[in-house]
Amino acid sequence: MDFTLDEAQEELRGLAAGLLGREAAPARLDAHERSGEPYDAGLWRALARAGLLGAVLPEEAGGAGLGPVELAVILREVGAHVAPVPVQQSLVAAMTVAGYGSAAQRRALAPLAEGGLVLSAAPRGPASPRGARSGPGTVETASGSAETASGTAETAGSPGAVTARRTPGGGWVLDGRTGAVPYAAQADRVLVPATLDGGAGLFMVGPGAAELRAVPLPSGEPGAVLVLDGAPAEPVGPDGGGGGEALRGLRRLATAGAVATASGVLAGALALTTGYIGTRRQFGRALAEFQAVTVQIADVYIAGRALDVALWSAVWRLAEGPPEEAEADLAVGAFTAADAGLKALYTCQHLHGGIGLDVTYPLHRHFAWARHQAHLLGGAEARLDEIGALAG
């Protein structure tokens, strides 16, 4: 298969790369970190003005109606520039609502195109009715499979899981608590998976409906656990999404988004590292002239290529449908991001020597973001389990 971007997708990539190259330069990122703000509001507005926030929104919400491939194009550039804005969370949540929500819910996405709306989603939730395994000591990941936890993660059926119940008036309320949700305090709506009679569903929770407990994230982005106690919620999909389709859709898009971001993070780190070893001299020679260094940087390149192949295959299958056919590629991409991709970031740090550990040097952001995406994807062992289950 040829996964070369078409002309329109390449133009979208160029637009995102050019804007982020200007608006998310290292000096701008340094200034943002010193500000203490949760995200760069000026960059967020610039992305909106360029049409990048509306690119994947449905047309009835003022968007361009583009799909998973274009989502990956945008998020890969966000990752390459480690841009401190809630693009990944907002666009994944918006595409989920666009695909499974009501007409009114789709129209309500319109402010996102202008930068007037922030969305997020709880990264973990209950097993879907299709049979993703769950039990004591396991936790559901973005793609729906379970990973071994150490007692701190919320599990389906545990006291920390979120459950949904109907009120006498016919509405829905949620009880329990989520895992750490990126940008939860800044989000106007958060998508929350929950168990309910007959399976699992997906719900939207508005501001003020939950108690927020701040949790630091490896990427440095703000996060919080949502503590829900009879919190009013709006179902995404009919009857609380009891068939699980909206929840499975969220998990696929969340996995694709994390893999795309991880791919961009690695590409950005590779560019930094190749530039460094090409100019840094040791014993009268550039580092890139040493065979041991060239072998290691080649391994980083190979990891990036492997990640890209899985990414573009997965989002192409999501776009062309049926989405179930993307499951294997998503699992391979998630495993590569959490295993070879993360190891490649360690190699980039190693090739920089001591400067790779200096937080005043840009590489530290790429390393932190790579760790965060690996965490969102559930880790390498869980993804291997998922690949084995799909192959069986």
# chains A, B, ... in the order shown; residues from 1 in each chain; ligands from 1

call {"tool": "residues_around", "arguments": {"residues": "stretch 57-69 of chain A", "least_positions_apart": "5", "cutoff": "9 Å", "atoms": "only C-alpha atoms", "output": "number ranges by chain"}}
result
A: 5, 9, 51, 74, 91, 94-95, 98-99, 103, 106-113, 253, 256-257, 312, 314-319

call {"tool": "residues_around", "arguments": {"residues": "A:Trp44", "least_positions_apart": "2", "cutoff": "9 Å", "atoms": "only C-alpha atoms", "output": "ChimeraX atom specification"}}
result
/A:39-42,46-49,53,84-87,115

call {"tool": "write_last_selection", "arguments": {"atoms": "C-alpha atoms", "output": "PDB file, in the first residue's frame"}}
result
ATOM      1  CA  TYR A  39      -1.440  25.970  27.849  1.00  0.00           C
ATOM      2  CA  ASP A  40      -0.291  28.569  25.347  1.00  0.00           C
ATOM      3  CA  ALA A  41      -3.477  30.533  24.647  1.00  0.00           C
ATOM      4  CA  GLY A  42      -1.838  32.557  21.875  1.00  0.00           C
ATOM      5  CA  ALA A  46      -3.274  30.867  16.040  1.00  0.00           C
ATOM      6  CA  LEU A  47      -4.203  27.242  15.347  1.00  0.00           C
ATOM      7  CA  ALA A  48      -7.856  28.254  15.259  1.00  0.00           C
ATOM      8  CA  ARG A  49      -7.237  31.144  12.868  1.00  0.00           C
ATOM      9  CA  LEU A  53      -8.768  23.180  14.991  1.00  0.00           C
ATOM     10  CA  PRO A  84       1.717  22.966  24.773  1.00  0.00           C
ATOM     11  CA  VAL A  85      -1.909  23.124  23.651  1.00  0.00           C
ATOM     12  CA  PRO A  86      -4.816  20.654  24.146  1.00  0.00           C
ATOM     13  CA  VAL A  87      -5.066  19.746  20.457  1.00  0.00           C
ATOM     14  CA  GLY A 115     -10.621  28.276  19.748  1.00  0.00           C
TER      15      GLY A 115
END

call {"tool": "residues_around", "arguments": {"residues": "stretch 357-364 of chain A", "least_positions_apart": "5", "cutoff": "7 Å", "atoms": "only C-alpha atoms", "output": "MDAnalysis selection string"}}
result
chainID A and resid 26 269 349

call {"tool": "closest_residue", "arguments": {"among": "A:Gly101, A:Gly333, A:Pro38, A:Gly171", "to": "A:Pro222", "atoms": "only C-alpha atoms"}}
result
A:Pro38

call {"tool": "atom_distance", "arguments": {"atom1": "atom CA of A:Asp188", "atom2": "atom CA of A:Arg371"}}
result
26.3 Å

call {"tool": "decode", "arguments": {"residues": "stretch 189-223 of chain A", "atoms": "N, CA and C atoms", "output": "short mmCIF file (atom, residue, chain, number, x, y, z; two decimals), in the first residue's frame"}}
result
data_model
loop_
_atom_site.label_atom_id
_atom_site.label_comp_id
_atom_site.auth_asym_id
_atom_site.auth_seq_id
_atom_site.Cartn_x
_atom_site.Cartn_y
_atom_site.Cartn_z
N ARG A 189 -15.91 20.27 28.32
CA ARG A 189 -16.57 18.98 28.39
C ARG A 189 -15.51 17.89 28.44
N VAL A 190 -15.79 16.84 29.23
CA VAL A 190 -14.91 15.69 29.30
C VAL A 190 -15.72 14.44 28.97
N LEU A 191 -15.21 13.62 28.06
CA LEU A 191 -15.85 12.34 27.76
C LEU A 191 -15.41 11.31 28.79
N VAL A 192 -16.38 10.66 29.40
CA VAL A 192 -16.09 9.71 30.48
C VAL A 192 -16.73 8.36 30.17
N PRO A 193 -15.95 7.30 30.03
CA PRO A 193 -16.52 5.95 29.90
C PRO A 193 -17.11 5.51 31.23
N ALA A 194 -18.18 4.72 31.19
CA ALA A 194 -18.82 4.26 32.42
C ALA A 194 -19.53 2.94 32.17
N THR A 195 -19.61 2.13 33.23
CA THR A 195 -20.40 0.90 33.16
C THR A 195 -21.86 1.24 33.43
N LEU A 196 -22.74 0.49 32.81
CA LEU A 196 -24.18 0.65 33.02
C LEU A 196 -24.85 -0.69 32.74
N ASP A 197 -26.08 -0.79 33.10
CA ASP A 197 -26.81 -2.04 32.86
C ASP A 197 -26.75 -2.39 31.38
N GLY A 198 -26.27 -3.57 31.09
CA GLY A 198 -26.22 -4.01 29.71
C GLY A 198 -24.89 -3.77 29.03
N GLY A 199 -23.91 -3.21 29.73
CA GLY A 199 -22.60 -3.05 29.10
C GLY A 199 -21.87 -1.80 29.54
N ALA A 200 -21.44 -1.00 28.58
CA ALA A 200 -20.65 0.18 28.85
C ALA A 200 -21.11 1.31 27.95
N GLY A 201 -20.90 2.54 28.40
CA GLY A 201 -21.33 3.69 27.62
C GLY A 201 -20.34 4.82 27.73
N LEU A 202 -20.61 5.87 26.99
CA LEU A 202 -19.76 7.05 26.98
C LEU A 202 -20.62 8.26 27.26
N PHE A 203 -20.14 9.12 28.15
CA PHE A 203 -20.93 10.25 28.62
C PHE A 203 -20.09 11.52 28.60
N MET A 204 -20.77 12.67 28.47
CA MET A 204 -20.13 13.97 28.55
C MET A 204 -20.45 14.60 29.90
N VAL A 205 -19.39 15.08 30.55
CA VAL A 205 -19.53 15.74 31.85
C VAL A 205 -19.10 17.19 31.68
N GLY A 206 -19.92 18.10 32.17
CA GLY A 206 -19.62 19.52 32.04
C GLY A 206 -18.86 20.07 33.22
N PRO A 207 -18.44 21.33 33.15
CA PRO A 207 -17.69 21.95 34.25
C PRO A 207 -18.53 22.05 35.51
N GLY A 208 -17.88 21.84 36.62
CA GLY A 208 -18.57 21.93 37.91
C GLY A 208 -19.29 20.67 38.32
N ALA A 209 -19.37 19.67 37.44
CA ALA A 209 -20.09 18.45 37.78
C ALA A 209 -19.25 17.49 38.59
N ALA A 210 -17.93 17.68 38.60
CA ALA A 210 -17.04 16.75 39.29
C ALA A 210 -16.05 17.51 40.15
N GLU A 211 -15.60 16.85 41.20
CA GLU A 211 -14.48 17.36 41.98
C GLU A 211 -13.20 17.01 41.24
N LEU A 212 -12.29 17.97 41.12
CA LEU A 212 -11.04 17.76 40.39
C LEU A 212 -9.88 17.66 41.37
N ARG A 213 -9.08 16.63 41.23
CA ARG A 213 -7.88 16.46 42.04
C ARG A 213 -6.68 16.47 41.10
N ALA A 214 -5.87 17.53 41.21
CA ALA A 214 -4.76 17.72 40.28
C ALA A 214 -3.77 16.57 40.35
N VAL A 215 -3.29 16.14 39.20
CA VAL A 215 -2.31 15.07 39.08
C VAL A 215 -1.25 15.51 38.08
N PRO A 216 0.03 15.50 38.46
CA PRO A 216 1.06 15.88 37.49
C PRO A 216 1.20 14.81 36.41
N LEU A 217 1.37 15.24 35.16
CA LEU A 217 1.55 14.32 34.04
C LEU A 217 3.00 14.35 33.59
N PRO A 218 3.53 13.23 33.08
CA PRO A 218 4.94 13.20 32.66
C PRO A 218 5.30 14.26 31.63
N SER A 219 4.33 14.66 30.81
CA SER A 219 4.59 15.65 29.76
C SER A 219 4.71 17.07 30.30
N GLY A 220 4.35 17.28 31.56
CA GLY A 220 4.32 18.62 32.11
C GLY A 220 3.00 19.31 31.90
N GLU A 221 2.09 18.70 31.14
CA GLU A 221 0.76 19.27 30.93
C GLU A 221 -0.08 19.09 32.20
N PRO A 222 -1.09 19.94 32.39
CA PRO A 222 -1.94 19.79 33.57
C PRO A 222 -2.87 18.59 33.44
N GLY A 223 -3.14 17.93 34.53
CA GLY A 223 -4.07 16.81 34.54
C GLY A 223 -4.81 16.76 35.86
#
